[in-house]
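Student: One file is attached below, final.cif, containing mmCIF, C-alpha atoms.
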```
data_target
loop_
_atom_site.label_atom_id
_atom_site.label_comp_id
_atom_site.auth_asym_id
_atom_site.auth_seq_id
_atom_site.Cartn_x
_atom_site.Cartn_y
_atom_site.Cartn_z
CA MET A 25 3.41 -16.82 -5.16
CA HIS A 26 1.27 -14.06 -6.61
CA ARG A 27 -1.00 -12.24 -4.17
CA GLY A 28 -3.87 -9.89 -4.87
CA SER A 29 -2.06 -6.95 -3.31
CA ASP A 30 0.93 -7.54 -5.63
CA LEU A 31 -1.01 -7.15 -8.89
CA SER A 32 -0.16 -3.93 -10.68
CA TYR A 33 -3.56 -3.53 -12.37
CA PRO A 34 -7.13 -3.15 -11.07
CA LEU A 35 -9.34 -6.24 -11.12
CA PHE A 36 -12.75 -7.12 -12.59
CA ASP A 37 -14.83 -9.34 -10.30
CA PHE A 38 -17.59 -11.12 -12.24
CA ASP A 39 -19.44 -12.35 -9.16
CA ASN A 40 -20.29 -9.71 -6.59
CA HIS A 41 -23.59 -9.38 -4.73
CA TYR A 42 -25.79 -6.81 -3.06
CA TYR A 43 -28.39 -7.51 -0.38
CA GLU A 44 -32.00 -6.63 -1.18
CA PRO A 45 -33.94 -4.34 1.18
CA PRO A 46 -37.62 -5.06 1.88
CA ASN A 47 -38.88 -2.26 -0.40
CA CYS A 48 -37.10 -3.33 -3.61
CA PHE A 49 -40.29 -4.83 -5.08
CA VAL A 50 -43.25 -3.06 -3.47
CA ASP A 51 -41.95 0.50 -3.82
CA TRP A 52 -40.96 0.04 -7.46
CA VAL A 53 -43.73 -2.12 -8.89
CA GLU A 54 -46.70 -0.53 -10.65
CA PRO A 55 -49.13 0.78 -7.98
CA ARG A 56 -51.89 -1.68 -8.91
CA TYR A 57 -49.65 -4.60 -7.92
CA ARG A 58 -48.18 -3.25 -4.68
CA ASP A 59 -50.46 -5.07 -2.27
CA ARG A 60 -49.57 -8.41 -3.94
CA ALA A 61 -45.90 -7.96 -4.86
CA VAL A 62 -43.04 -9.82 -3.15
CA ARG A 63 -43.08 -8.53 0.42
CA LEU A 64 -42.77 -9.41 4.10
CA GLU A 65 -45.90 -10.22 6.09
CA PRO A 66 -46.34 -11.28 9.75
CA ARG A 67 -46.09 -15.02 10.33
CA GLN A 68 -48.49 -16.88 12.59
CA GLY A 69 -46.66 -17.49 15.83
CA GLY A 70 -44.35 -14.52 15.34
CA GLY A 71 -41.78 -13.26 12.94
CA GLN A 72 -42.20 -12.50 9.24
CA GLU A 73 -42.13 -14.42 5.99
CA LEU A 74 -42.10 -13.68 2.29
CA PHE A 75 -45.39 -13.40 0.44
CA PHE A 76 -46.14 -13.31 -3.27
CA GLY A 77 -49.72 -12.60 -4.24
CA ASP A 78 -51.97 -13.94 -1.51
CA ALA A 79 -49.83 -16.77 -0.13
CA PRO A 80 -46.42 -17.37 1.43
CA LEU A 81 -43.62 -17.67 -1.09
CA LEU A 82 -41.98 -21.06 -0.73
CA ASN A 83 -38.23 -20.62 -0.87
CA ASP A 84 -34.98 -21.70 0.72
CA GLY A 85 -35.38 -19.50 3.76
CA THR A 86 -33.82 -16.64 1.81
CA SER A 87 -35.36 -13.28 2.57
CA PHE A 88 -34.66 -9.57 2.51
CA VAL A 89 -31.62 -8.36 4.40
CA GLY A 90 -32.08 -7.42 8.04
CA GLU A 91 -30.05 -5.43 10.50
CA ARG A 92 -27.42 -8.18 10.55
CA CYS A 93 -26.01 -10.49 7.90
CA VAL A 94 -23.43 -13.27 7.74
CA LYS A 95 -19.87 -12.05 7.43
CA PRO A 96 -18.11 -12.50 4.10
CA GLY A 97 -16.19 -15.76 3.93
CA GLU A 98 -17.80 -17.28 7.06
CA LEU A 99 -19.16 -20.48 5.51
CA ARG A 100 -17.29 -22.86 7.80
CA GLU A 101 -18.47 -21.03 10.90
CA LEU A 102 -21.97 -20.83 9.45
CA LEU A 103 -22.12 -24.57 8.86
CA ARG A 104 -20.84 -25.33 12.35
CA SER A 105 -23.48 -23.06 13.87
CA GLN A 106 -26.55 -24.28 11.96
CA GLN A 107 -28.70 -25.28 14.91
CA GLY A 108 -32.25 -24.52 13.90
CA GLY A 109 -31.03 -22.73 10.81
CA LEU A 110 -29.57 -19.64 12.45
CA PRO A 111 -25.90 -18.62 12.36
CA SER A 112 -24.11 -17.84 15.58
CA ASP A 113 -23.52 -14.23 16.55
CA ALA A 114 -19.81 -14.75 15.89
CA ALA A 115 -20.55 -15.43 12.21
CA THR A 116 -22.67 -12.30 11.70
CA GLU A 117 -22.13 -8.57 11.58
CA PRO A 118 -24.28 -5.42 11.25
CA THR A 119 -25.33 -5.01 7.63
CA ARG A 120 -22.88 -2.58 6.08
CA PRO A 121 -23.84 0.35 3.82
CA GLU A 122 -21.66 -1.06 1.04
CA TYR A 123 -23.96 -4.06 0.81
CA LEU A 124 -26.95 -1.78 0.19
CA GLU A 125 -25.88 1.13 -2.01
CA ARG A 126 -23.33 1.90 -4.66
CA ALA A 127 -21.51 4.98 -3.31
CA SER A 128 -20.21 3.02 -0.34
CA ARG A 129 -19.58 -0.03 -2.55
CA LEU A 130 -17.46 2.02 -4.95
CA GLU A 131 -15.34 3.22 -2.04
CA LEU A 132 -14.97 -0.37 -0.86
CA MET A 133 -14.07 -1.53 -4.39
CA ASP A 134 -11.30 1.06 -4.46
CA ARG A 135 -9.90 -0.38 -1.23
CA GLN A 136 -10.24 -3.92 -2.57
CA GLY A 137 -8.41 -3.13 -5.82
CA LEU A 138 -11.51 -3.69 -7.97
CA GLU A 139 -12.02 -1.45 -10.96
CA SER A 140 -15.29 -3.14 -11.96
CA ALA A 141 -17.73 -5.78 -10.77
CA CYS A 142 -20.83 -7.56 -11.99
CA LEU A 143 -23.47 -7.62 -9.25
CA PHE A 144 -26.19 -10.23 -8.82
CA PRO A 145 -29.09 -10.68 -6.40
CA SER A 146 -28.72 -12.47 -3.10
CA MET A 147 -32.39 -13.34 -2.62
CA GLY A 148 -33.66 -12.65 -6.14
CA VAL A 149 -32.05 -15.72 -7.71
CA MET A 150 -34.23 -17.94 -5.49
CA LEU A 151 -37.68 -16.58 -6.42
CA GLU A 152 -38.65 -17.08 -10.06
CA TYR A 153 -39.54 -20.76 -9.89
CA TRP A 154 -42.01 -20.19 -7.05
CA MET A 155 -43.69 -17.28 -8.85
CA LYS A 156 -44.42 -19.08 -12.11
CA HIS A 157 -48.10 -19.70 -11.35
CA ASP A 158 -48.93 -15.98 -11.77
CA VAL A 159 -47.27 -14.81 -14.96
CA GLU A 160 -48.59 -11.25 -14.93
CA LEU A 161 -47.58 -10.63 -11.33
CA LEU A 162 -44.17 -12.25 -11.83
CA TYR A 163 -43.31 -9.87 -14.66
CA ALA A 164 -44.69 -6.89 -12.76
CA CYS A 165 -42.43 -7.80 -9.82
CA PHE A 166 -39.36 -8.35 -11.99
CA ASP A 167 -39.97 -5.12 -13.90
CA GLY A 168 -40.22 -3.24 -10.60
CA PHE A 169 -37.16 -4.98 -9.22
CA ASN A 170 -35.14 -4.07 -12.32
CA ARG A 171 -36.22 -0.43 -12.02
CA TRP A 172 -34.99 -0.45 -8.41
CA LEU A 173 -31.78 -2.16 -9.46
CA ASP A 174 -30.94 0.35 -12.17
CA GLU A 175 -31.77 3.33 -9.98
CA VAL A 176 -29.95 2.18 -6.84
CA TRP A 177 -27.02 0.27 -8.36
CA GLY A 178 -26.99 0.87 -12.12
CA PHE A 179 -26.93 -1.49 -15.08
CA ALA A 180 -23.62 0.08 -16.14
CA HIS A 181 -22.75 2.72 -13.55
CA GLN A 182 -19.53 4.56 -14.44
CA ASP A 183 -18.44 1.41 -16.28
CA ARG A 184 -17.61 0.05 -12.83
CA ILE A 185 -20.80 -1.48 -11.46
CA TYR A 186 -22.73 -3.77 -13.80
CA ALA A 187 -25.84 -4.83 -11.90
CA ALA A 188 -27.46 -7.53 -14.03
CA PRO A 189 -31.22 -7.17 -14.59
CA VAL A 190 -33.19 -10.37 -13.99
CA ILE A 191 -35.13 -11.70 -16.98
CA SER A 192 -37.52 -14.66 -17.16
CA LEU A 193 -38.43 -16.72 -20.24
CA LEU A 194 -41.76 -17.78 -18.75
CA ASP A 195 -43.55 -15.58 -21.30
CA ARG A 196 -41.66 -15.00 -24.55
CA ASP A 197 -43.17 -11.64 -25.48
CA ARG A 198 -42.74 -10.24 -21.97
CA ALA A 199 -39.16 -11.53 -21.94
CA VAL A 200 -38.46 -9.65 -25.17
CA ALA A 201 -39.98 -6.50 -23.66
CA GLN A 202 -37.83 -6.92 -20.54
CA LEU A 203 -34.72 -7.34 -22.66
CA ASP A 204 -35.55 -4.31 -24.82
CA SER A 205 -36.01 -2.20 -21.70
CA ALA A 206 -32.73 -3.41 -20.20
CA LEU A 207 -30.81 -2.70 -23.40
CA GLU A 208 -32.33 0.77 -23.68
CA ARG A 209 -30.99 1.50 -20.19
CA GLY A 210 -27.51 0.35 -21.08
CA ALA A 211 -27.39 -3.19 -19.70
CA ARG A 212 -24.34 -5.17 -20.83
CA VAL A 213 -25.08 -8.34 -18.86
CA ILE A 214 -28.35 -9.99 -17.82
CA ALA A 215 -29.11 -12.75 -15.32
CA MET A 216 -31.29 -15.77 -16.10
CA ALA A 217 -32.16 -18.87 -14.10
CA PRO A 218 -30.53 -22.16 -15.14
CA GLY A 219 -32.93 -24.95 -16.04
CA PRO A 220 -35.66 -25.61 -18.59
CA ALA A 221 -37.67 -22.67 -19.89
CA TYR A 222 -41.11 -23.86 -18.74
CA GLY A 223 -41.56 -26.88 -20.97
CA ARG A 224 -39.07 -25.83 -23.62
CA SER A 225 -35.36 -25.59 -24.11
CA PRO A 226 -34.16 -22.01 -23.70
CA ALA A 227 -32.58 -22.50 -27.15
CA ASP A 228 -35.87 -23.56 -28.77
CA PRO A 229 -36.44 -21.50 -31.95
CA TYR A 230 -39.64 -20.34 -30.24
CA TYR A 231 -37.43 -17.86 -28.39
CA ASP A 232 -35.56 -16.61 -31.44
CA ALA A 233 -36.95 -13.08 -31.12
CA PHE A 234 -35.28 -12.88 -27.72
CA TRP A 235 -31.96 -14.34 -28.83
CA ALA A 236 -31.84 -12.21 -31.99
CA ARG A 237 -31.86 -9.08 -29.82
CA ALA A 238 -29.23 -10.49 -27.49
CA ASN A 239 -27.09 -11.44 -30.47
CA GLU A 240 -27.35 -8.00 -32.06
CA ALA A 241 -26.29 -6.41 -28.75
CA ARG A 242 -23.46 -8.96 -28.31
CA LEU A 243 -24.88 -9.39 -24.83
CA ALA A 244 -23.47 -11.42 -21.95
CA ILE A 245 -26.03 -13.90 -20.58
CA VAL A 246 -25.25 -15.12 -17.06
CA TYR A 247 -26.68 -18.30 -15.63
CA HIS A 248 -26.11 -17.76 -11.93
CA ILE A 249 -26.77 -20.47 -9.38
CA GLY A 250 -30.23 -20.23 -7.86
CA GLU A 251 -33.54 -22.02 -7.52
CA SER A 252 -34.07 -24.00 -10.72
CA GLY A 253 -36.87 -26.18 -9.37
CA TYR A 254 -34.94 -29.43 -9.46
CA LEU A 255 -35.37 -30.08 -5.75
CA ASP A 256 -39.11 -29.63 -6.16
CA ARG A 257 -39.40 -31.70 -9.34
CA TYR A 258 -37.19 -34.67 -8.55
CA SER A 259 -36.60 -35.16 -4.83
CA THR A 260 -39.73 -37.22 -4.18
CA ASP A 261 -38.91 -39.47 -7.14
CA TRP A 262 -35.93 -40.63 -5.09
CA GLY A 263 -37.66 -40.83 -1.74
CA GLU A 264 -36.32 -37.48 -0.51
CA ALA A 265 -38.28 -34.61 1.00
CA PRO A 266 -38.96 -31.82 -1.49
CA ASN A 267 -37.56 -28.35 -0.93
CA PRO A 268 -35.76 -28.64 2.38
CA ARG A 269 -33.85 -25.62 3.57
CA SER A 270 -30.21 -25.70 2.56
CA TYR A 271 -28.91 -26.98 5.91
CA GLU A 272 -31.49 -29.81 5.85
CA ARG A 273 -30.71 -31.12 2.36
CA SER A 274 -29.22 -34.57 2.02
CA ALA A 275 -25.86 -35.16 0.39
CA PHE A 276 -27.75 -36.85 -2.44
CA GLN A 277 -29.85 -33.73 -3.03
CA TRP A 278 -26.81 -31.47 -3.03
CA THR A 279 -25.15 -33.82 -5.52
CA SER A 280 -28.07 -34.29 -7.89
CA PHE A 281 -30.43 -31.32 -7.76
CA PHE A 282 -28.57 -28.12 -6.98
CA GLY A 283 -25.72 -26.40 -8.79
CA ASP A 284 -24.06 -28.73 -11.28
CA ARG A 285 -27.12 -30.42 -12.77
CA PRO A 286 -29.17 -27.34 -13.76
CA VAL A 287 -26.28 -25.48 -15.36
CA MET A 288 -25.03 -28.60 -17.16
CA ASP A 289 -28.49 -29.23 -18.59
CA THR A 290 -28.84 -25.59 -19.62
CA ILE A 291 -25.51 -25.24 -21.37
CA SER A 292 -25.81 -28.60 -23.14
CA ALA A 293 -29.26 -27.52 -24.38
CA LEU A 294 -27.90 -24.22 -25.66
CA ILE A 295 -25.13 -26.02 -27.53
CA LEU A 296 -26.95 -29.13 -28.77
CA HIS A 297 -30.05 -27.14 -29.74
CA ASN A 298 -27.70 -25.00 -31.82
CA LEU A 299 -28.22 -21.60 -30.23
CA PHE A 300 -24.68 -20.52 -31.13
CA GLY A 301 -25.02 -21.75 -34.70
CA ARG A 302 -27.92 -19.34 -35.11
CA TYR A 303 -26.65 -16.55 -32.84
CA PRO A 304 -22.85 -16.66 -32.72
CA ASP A 305 -22.42 -13.31 -30.95
CA VAL A 306 -24.30 -14.34 -27.79
CA LYS A 307 -21.91 -14.86 -24.88
CA VAL A 308 -22.92 -17.22 -22.07
CA LEU A 309 -21.35 -17.30 -18.61
CA SER A 310 -21.76 -19.82 -15.83
CA VAL A 311 -21.37 -17.95 -12.55
CA GLU A 312 -21.23 -19.47 -9.07
CA ASN A 313 -21.95 -22.95 -10.38
CA GLY A 314 -18.40 -24.15 -9.86
CA SER A 315 -16.46 -25.95 -12.58
CA ILE A 316 -16.00 -29.61 -11.66
CA TRP A 317 -18.79 -30.51 -14.11
CA VAL A 318 -17.10 -28.94 -17.14
CA SER A 319 -14.74 -31.79 -18.04
CA TYR A 320 -17.52 -34.39 -17.92
CA LEU A 321 -19.93 -32.23 -19.94
CA LEU A 322 -17.43 -31.65 -22.74
CA LYS A 323 -16.72 -35.37 -23.04
CA VAL A 324 -20.31 -36.53 -22.88
CA MET A 325 -21.57 -33.95 -25.40
CA ASP A 326 -18.92 -34.98 -27.93
CA LYS A 327 -19.79 -38.65 -27.47
CA MET A 328 -23.55 -38.26 -27.51
CA LYS A 329 -23.61 -36.02 -30.54
CA GLY A 330 -22.64 -39.13 -32.47
CA MET A 331 -25.22 -41.27 -30.67
CA GLY A 332 -27.94 -38.76 -31.53
CA ARG A 333 -26.93 -38.16 -35.11
CA GLU A 334 -30.19 -39.56 -36.53
CA GLY A 335 -32.40 -37.88 -33.95
CA PRO A 336 -34.01 -34.45 -34.00
CA TRP A 337 -31.82 -31.33 -33.93
CA PRO A 338 -33.90 -28.43 -32.61
CA GLY A 339 -32.46 -25.26 -34.08
CA GLY A 340 -30.48 -27.14 -36.71
CA TYR A 341 -27.59 -29.58 -36.80
CA VAL A 342 -24.60 -28.63 -34.68
CA LYS A 343 -21.45 -28.27 -36.75
CA GLY A 344 -18.18 -29.46 -35.27
CA LYS A 345 -17.51 -30.80 -31.80
CA PRO A 346 -19.81 -29.54 -29.04
CA SER A 347 -16.76 -29.16 -26.79
CA ASP A 348 -15.29 -26.70 -29.29
CA VAL A 349 -18.57 -24.75 -29.35
CA PHE A 350 -18.37 -24.53 -25.56
CA LYS A 351 -14.78 -23.27 -25.69
CA GLU A 352 -15.75 -20.53 -28.13
CA HIS A 353 -19.01 -19.27 -26.63
CA VAL A 354 -19.05 -20.12 -22.90
CA TRP A 355 -17.11 -18.58 -20.01
CA VAL A 356 -16.87 -20.12 -16.53
CA ALA A 357 -16.41 -18.46 -13.14
CA PRO A 358 -15.10 -21.33 -10.95
CA TYR A 359 -15.18 -21.55 -7.19
CA HIS A 360 -11.93 -20.29 -5.71
CA GLU A 361 -11.20 -23.61 -3.97
CA GLU A 362 -11.37 -25.71 -7.16
CA ASP A 363 -8.65 -26.85 -9.57
CA ILE A 364 -8.72 -23.66 -11.61
CA SER A 365 -5.40 -24.44 -13.24
CA GLY A 366 -6.94 -27.65 -14.59
CA LEU A 367 -9.92 -25.68 -15.90
CA ILE A 368 -7.57 -23.29 -17.70
CA ASP A 369 -5.83 -26.25 -19.33
CA LEU A 370 -9.23 -27.61 -20.38
CA ILE A 371 -11.00 -24.57 -21.88
CA GLY A 372 -8.23 -21.98 -22.12
CA ALA A 373 -7.35 -19.05 -19.90
CA GLU A 374 -9.36 -16.79 -22.23
CA HIS A 375 -12.63 -18.36 -21.05
CA VAL A 376 -12.15 -18.36 -17.28
CA VAL A 377 -13.30 -15.34 -15.26
CA PHE A 378 -12.65 -14.40 -11.66
CA GLY A 379 -15.63 -14.28 -9.29
CA SER A 380 -15.31 -13.83 -5.53
CA ASP A 381 -18.99 -14.14 -4.49
CA PHE A 382 -18.37 -11.22 -2.12
CA PRO A 383 -19.94 -10.51 0.39
CA HIS A 384 -21.53 -13.95 0.78
CA ALA A 385 -20.48 -16.41 3.44
CA GLU A 386 -19.30 -18.98 0.89
CA GLY A 387 -17.22 -16.43 -0.98
CA LEU A 388 -13.97 -14.62 -0.31
CA ALA A 389 -13.72 -11.95 2.36
CA ASN A 390 -11.06 -10.27 0.22
CA PRO A 391 -11.88 -10.71 -3.51
CA ALA A 392 -8.30 -10.24 -4.69
CA ASP A 393 -7.27 -13.38 -2.78
CA PHE A 394 -8.74 -15.35 -5.69
CA VAL A 395 -5.39 -14.93 -7.42
CA GLU A 396 -3.84 -17.36 -4.95
CA SER A 397 -5.82 -20.14 -6.66
CA ILE A 398 -3.96 -19.52 -9.92
CA HIS A 399 -0.54 -18.56 -8.58
CA ASP A 400 1.09 -21.26 -10.71
CA ARG A 401 -0.06 -19.76 -14.03
CA THR A 402 1.78 -17.25 -16.20
CA ASP A 403 1.40 -13.52 -15.59
CA GLU A 404 -0.48 -13.23 -18.90
CA GLU A 405 -2.96 -15.96 -17.93
CA ILE A 406 -3.50 -14.44 -14.48
CA ARG A 407 -4.24 -11.05 -16.01
CA LEU A 408 -6.75 -12.63 -18.42
CA VAL A 409 -8.62 -14.34 -15.58
CA MET A 410 -8.48 -11.47 -13.11
CA ARG A 411 -9.34 -8.65 -15.53
CA GLU A 412 -9.13 -8.85 -19.32
CA ASN A 413 -11.64 -11.61 -20.04
CA ALA A 414 -14.39 -9.84 -18.14
CA LEU A 415 -13.65 -6.56 -19.89
CA ARG A 416 -13.90 -8.23 -23.28
CA VAL A 417 -17.15 -9.97 -22.42
CA ILE A 418 -18.74 -6.76 -21.12
CA SER A 419 -17.54 -4.63 -24.03
CA GLY A 420 -19.30 -6.88 -26.52
#
```
How does the structure come out when it is put into C-alpha cells?

Tutor:
Amino acid sequence: MHRGSDLSYPLFDFDNHYYEPPNCFVDWVEPRYRDRAVRLEPRQGGGQELFFGDAPLLNDGTSFVGERCVKPGELRELLRSQQGGLPSDAATEPTRPEYLERASRLELMDRQGLESACLFPSMGVMLEYWMKHDVELLYACFDGFNRWLDEVWGFAHQDRIYAAPVISLLDRDRAVAQLDSALERGARVIAMAPGPAYGRSPADPYYDAFWARANEARLAIVYHIGESGYLDRYSTDWGEAPNPRSYERSAFQWTSFFGDRPVMDTISALILHNLFGRYPDVKVLSVENGSIWVSYLLKVMDKMKGMGREGPWPGGYVKGKPSDVFKEHVWVAPYHEEDISGLIDLIGAEHVVFGSDFPHAEGLANPADFVESIHDRTDEEIRLVMRENALRVISG
C-alpha cells in the first residue's frame, strides 16, 4: 500500500482552508462602508452574531474564527458532541497560527509534504446568498475581503499558496471588474458559488464579457461547496423548515439541497448552455462537493441532450456527447472516503485532483493520507492525482 510519507515527490493539495479573523472585511473595505460591512455585533441576551448592513446576517452558524476551533479530522467526534450546536472540548483546540497566516502555514506545508495548495474560505463560502439584497455593499465587502486575502495569504504566493479570490456574478459589470483586478494581481484560480446566477445560467451569453477574460487567461474556476440558497428556496416546498443549522437539517435536506444538487445543476448548465463551446480554455473544478453524483450526471446529460434536441440551446448547440465535454473541461476533487478508483475509471486520472479539506473537521488531519484512497492505482495515476493535474490546471 502506498502511503503519503512514501511518496518521493511533493504534493499539491487543491482543497486547503484558512480561518477568517473578525477584521478581514471591516479593516479592508472602503472607509465609507466600514460601519455596515460584514462584522460581529453584540447579540441580545449575550454573545455576538454576524451583521451585514443593518441587520443580522442569516447563515449556517458559521462565523469568524475564535480562540478555539475544531481539530482537523474531528467530524465523528463533532457529530457525537452536537448538543446545542457546540462541539465538546475534546474535539477543539486553540486556533493555531498556521490557520491564520501564511508564514506558519508554509512551515506546516513543508512538514506535511505539500509543495503547493489552493486555499479557500471557511466562512466566506456561506455568505454571498444572504448578501444579495444589497448589491453595492456586497461587492464592497468582497473587494475588501479579496484585498485582505491577497495581502495576508497571496493569490499566488511563491507559487506555493494560491488563495482563490471570491467573485460574484450578481452584477455582471462588477464581476468583470473583480476578475480584472484579480488577474492583475496574479490570480490563477478563483472561487464562485455553485447555483444559478441570480435568475440566469452562469453560462448565459449575458456573461460573455466575464468568460472571455477567464478564457484568455486560461483560468481555473472553482465551484466550492457553500451556501447556494437551495435550503432557503426549496425546503418549505417539501414541508421542511428553511435554513436550519447544519446539525438540525433533515436527511432529506442533506440529500436534496446541499452539496450534490447545486454543483450538478451548475456544471450541467455550463455544459448544456455551451460555455465550453464558446470558451474552450476555461477550466472548471468541483471542490469539496464529493463525486458520487458524477456518474449519474454524465448519463443523464447524454440522454437528455437527445430529448431536448428541438428545444432552445442558450449559447449554441452542444457538439458531441455532454459526458465527453465534462471529461475534457471539468476536474473533480472527491471526498477521501469515496470510491476514487471508480471515479478515475469514469473520467480519467487526468481529471481527478487531490483535496484534503485541511484543517476542517470533515477533512484529513494529515493531507498526504489521501493517497491511501487510491493505493490500488498505478504510480503514474497516483502522481497525476496527488500533484501533476493541479500543476497543469494552475499553470494554464

Student: Suppose a student applies the PyMOL selection byres ((chain A and resi 318) around 9) to this structure; what residues should they get, written as a ChimeraX atom specification?

Tutor: /A:288,314-317,319-323,356,367,370-371

Student: Set out as a tab-separated table a contact list for region 54-78 of chain A and region 169-184 of chain A with a cut-off of 12 Å, giving each residue of region 54-78 of chain A that qualifies its closest atom pair and distance in Å to one decimal, counting only C-alpha atoms, ordered by chain and rising residue number.

Tutor:
```
residue	atom	partner	partner_atom	distance
A:Glu54	CA	A:Arg171	CA	10.6
A:Ala61	CA	A:Phe169	CA	10.2
A:Val62	CA	A:Phe169	CA	9.7
A:Arg63	CA	A:Phe169	CA	11.9
```

Student: Looking at A:Pro346, A:Pro268, A:Gly332, A:Pro45, which one is nearest to Met147 (chain A), with distances taken over all atoms listed in the file?

Tutor: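 Smallest distance to Met147 (chain A) is found for A:Pro45.
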
Student: With distances taken over only C-alpha atoms, which residue among A:Gly77, A:Pro118, A:Gly148, A:Pro383 lies nearest Pro46 (chain A)?

Tutor: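 Closest residue, counting only C-alpha atoms: A:Gly148.
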
Student: Using only C-alpha atoms, I'd like a table of the residues in region 111-159 of chain A that come within 8 Å of region 197-219 of chain A; for each, show the closest atom pair and its distance in Å rounded to one decimal, ordered by chain and ascending number, as CSV.

Tutor:
```
residue,atom,partner,partner_atom,distance
A:Phe144,CA,A:Ala215,CA,7.6
A:Val149,CA,A:Ala217,CA,7.1
A:Glu152,CA,A:Ala217,CA,7.9
```

Student: Could you jot down the CA of Ala233 (chain A) to CA of Lys307 (chain A) separation for me, Å, one decimal place?

Tutor: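 Here the two named atoms are 16.4 Å from each other.
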
Student: For the atom pair CA of Trp337 (chain A) and CA of His297 (chain A), what is the interatomic distance in Å to one decimal place?

Tutor: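 Result for CA of Trp337 (chain A) versus CA of His297 (chain A): 6.2 Å, one decimal.
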
Student: With only C-alpha atoms as the counted atoms, please give the residues lying no more than 12 Å from Gln68 (chain A), apart from itself and same-chain residues fewer than 4 positions off, as a list of chain:residue names.

Tutor: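 With the cut-off at 12 Å, the set is A:Gln72, A:Glu73, A:Pro80.
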
Student: For a test of reading the model, state the distance in Å between CA of Val354 (chain A) and CA of Leu255 (chain A), rounded to one decimal.

Tutor: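 Separation of CA of Val354 (chain A) and CA of Leu255 (chain A): 25.7 Å.
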
Student: So what does the PyMOL selection byres ((chain A and resi 239) around 8) actually pick up in this one, as a list in words?

Tutor: Trp235, Ala236, Arg237, Ala238, Glu240, Ala241, Arg242, Leu243, Tyr303, Pro304, Asp305 and Val306 of chain A

Student: Would you kindly translate the PyMOL selection byres ((chain A and resi 362) around 12) into the concrete residues it picks from this file, as an MDAnalysis selection string?

Tutor: chainID A and resid 312:318 357:361 363:368 394 396:398

Student: For Pro220 (chain A), list every protein, DNA or RNA residue within 12 Å, evaluated using only C-alpha atoms, and leave out those in the same chain fewer than 6 positions away; present the list as a PDB file with C-alpha atoms, in the frame of the given file.

Tutor:
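To be explicit, this is the file written out as result_35.pdb:
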```pdb
ATOM      1  CA  TYR A 153     -39.540 -20.760  -9.890  1.00  0.00           C
ATOM      2  CA  SER A 192     -37.520 -14.660 -17.160  1.00  0.00           C
ATOM      3  CA  LEU A 193     -38.430 -16.720 -20.240  1.00  0.00           C
ATOM      4  CA  LEU A 194     -41.760 -17.780 -18.750  1.00  0.00           C
ATOM      5  CA  PRO A 226     -34.160 -22.010 -23.700  1.00  0.00           C
ATOM      6  CA  ALA A 227     -32.580 -22.500 -27.150  1.00  0.00           C
ATOM      7  CA  ASP A 228     -35.870 -23.560 -28.770  1.00  0.00           C
ATOM      8  CA  TYR A 247     -26.680 -18.300 -15.630  1.00  0.00           C
ATOM      9  CA  GLU A 251     -33.540 -22.020  -7.520  1.00  0.00           C
ATOM     10  CA  SER A 252     -34.070 -24.000 -10.720  1.00  0.00           C
ATOM     11  CA  GLY A 253     -36.870 -26.180  -9.370  1.00  0.00           C
ATOM     12  CA  TYR A 254     -34.940 -29.430  -9.460  1.00  0.00           C
ATOM     13  CA  ARG A 257     -39.400 -31.700  -9.340  1.00  0.00           C
ATOM     14  CA  ARG A 285     -27.120 -30.420 -12.770  1.00  0.00           C
ATOM     15  CA  PRO A 286     -29.170 -27.340 -13.760  1.00  0.00           C
ATOM     16  CA  VAL A 287     -26.280 -25.480 -15.360  1.00  0.00           C
ATOM     17  CA  MET A 288     -25.030 -28.600 -17.160  1.00  0.00           C
ATOM     18  CA  ASP A 289     -28.490 -29.230 -18.590  1.00  0.00           C
ATOM     19  CA  THR A 290     -28.840 -25.590 -19.620  1.00  0.00           C
ATOM     20  CA  ILE A 291     -25.510 -25.240 -21.370  1.00  0.00           C
ATOM     21  CA  SER A 292     -25.810 -28.600 -23.140  1.00  0.00           C
ATOM     22  CA  ALA A 293     -29.260 -27.520 -24.380  1.00  0.00           C
ATOM     23  CA  LEU A 294     -27.900 -24.220 -25.660  1.00  0.00           C
TER      24      LEU A 294
END
```
